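These notes are about the structure you will find just below.
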Amino acid sequence: MKYRCLIIDDEALARQRLATLLRDHAQVEVVGQCADGKTAVETIEALNPDFIFLDVQMPELDGFEVVETLGTAQMPLVIFVTAHDQFALKAFEVNAVDYLLKPFDRERFDLALGRVLETLRRRDPEALEQRMTKLLADLQPRPRSLDRLVIKTDGKVRFIRFEEIDWAEADDNYVAIHTGNESHLIRETMLALEKKLPAAQFLRVSRSSLINVERIREMQPLFHGEYVIILKSGAKVTLSRSYRDRLQRLLGKTS
């Protein structure tokens, strides 16, 4: 039996070196290579590899965001590859199948590959998913400078800048994100989406809706303490009475 492997690294020489090292392992088949995180997400979904070598530091979508975008349940086994992220190494040592710290030698590579192959042979999907979830949780305090949302829609990965989002509305386990004249339906809960957005800019205005407060044009009173919020796009969103105080605090108003 051959195990299918995908190599993901933005450096061509790094991808080539990994592919060369893997040629000595007959039980492994390299099914593809990716130079960026966006392509990686689409290729993982299309090829469904058994395991991947995943570079941490990549432009646009880094290695951790690849995992976050796909979701831990859909991720193959991961050997992370990193150059200098010492904070991440501590989390890897506890939760990742293995990691490679650049530059690495053949002995360290063979050790990491041996571990992932052994894990595949005695695979426990539930335990692996728990480890990956724990890894992402441990990495949350790391510095992030993202100014956009990464979503999967129609089989593609899209980047939406926070400033482009007008509002979002939930329907069971799906959320429609509205940006101007476009809407993007994603499989996500409102709570999960809310955690990905900056709290100083986005606010829940009802159980099923949140808005970008920078997109508010005006507010008009309704009945029983509710308001209708009119956005710059012309969209109208109801502000429930129980959420009114939160908006007033965020806008610096007094009740």
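Ordering of the structure tokens sets the chain letters (A, B, ...), residue numbers begin anew at 1 in every chain, and ligands are numbered from 1 in the order given.
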Close residues, Val237 in chain A itself excluded, 9 Å, only C-alpha atoms, min 2 positions apart in chain, as a ChimeraX atom specification:
/A:167,205,209-211,227-231,235,239
Could you write those residues out with C-alpha atoms, as a PDB file, in the first residue's frame?
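Final output, saved to again-v3.pdb:
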ATOM      1  CA  TRP A 167     -23.416  42.274   7.452  1.00  0.00           C
ATOM      2  CA  VAL A 205     -27.509  42.817  16.590  1.00  0.00           C
ATOM      3  CA  SER A 209     -27.395  38.773  12.443  1.00  0.00           C
ATOM      4  CA  LEU A 210     -24.213  40.763  12.874  1.00  0.00           C
ATOM      5  CA  ILE A 211     -23.153  43.998  11.227  1.00  0.00           C
ATOM      6  CA  TYR A 227     -34.542  49.554  15.747  1.00  0.00           C
ATOM      7  CA  VAL A 228     -33.981  49.065  12.059  1.00  0.00           C
ATOM      8  CA  ILE A 229     -30.367  49.684  11.052  1.00  0.00           C
ATOM      9  CA  ILE A 230     -29.915  51.001   7.535  1.00  0.00           C
ATOM     10  CA  LEU A 231     -26.494  50.277   6.101  1.00  0.00           C
ATOM     11  CA  ALA A 235     -29.653  46.858   3.430  1.00  0.00           C
ATOM     12  CA  LEU A 239     -31.576  45.503  16.000  1.00  0.00           C
TER      13      LEU A 239
END
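Nearest to Pro49 in chain A of all the residues A:Leu13, A:Leu247, A:Leu6, A:Ala73 is A:Leu6, counting only C-alpha atoms.
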I'd like to know which of A:Ala46, A:Phe51, A:Gly180, A:Gln27 is closest to Cys5 in chain A, using only C-alpha atoms.
A:Phe51
Among range 4-231 of chain A, which residues carry a DSSP assignment of strand (DSSP E or B), reported as a PyMOL selection string?
chain A and resi 4-8+28-34+51-55+77-82+98-101+148-153+156-161+167-171+174-179+182-187+202-206+209-212+216-221+227-231
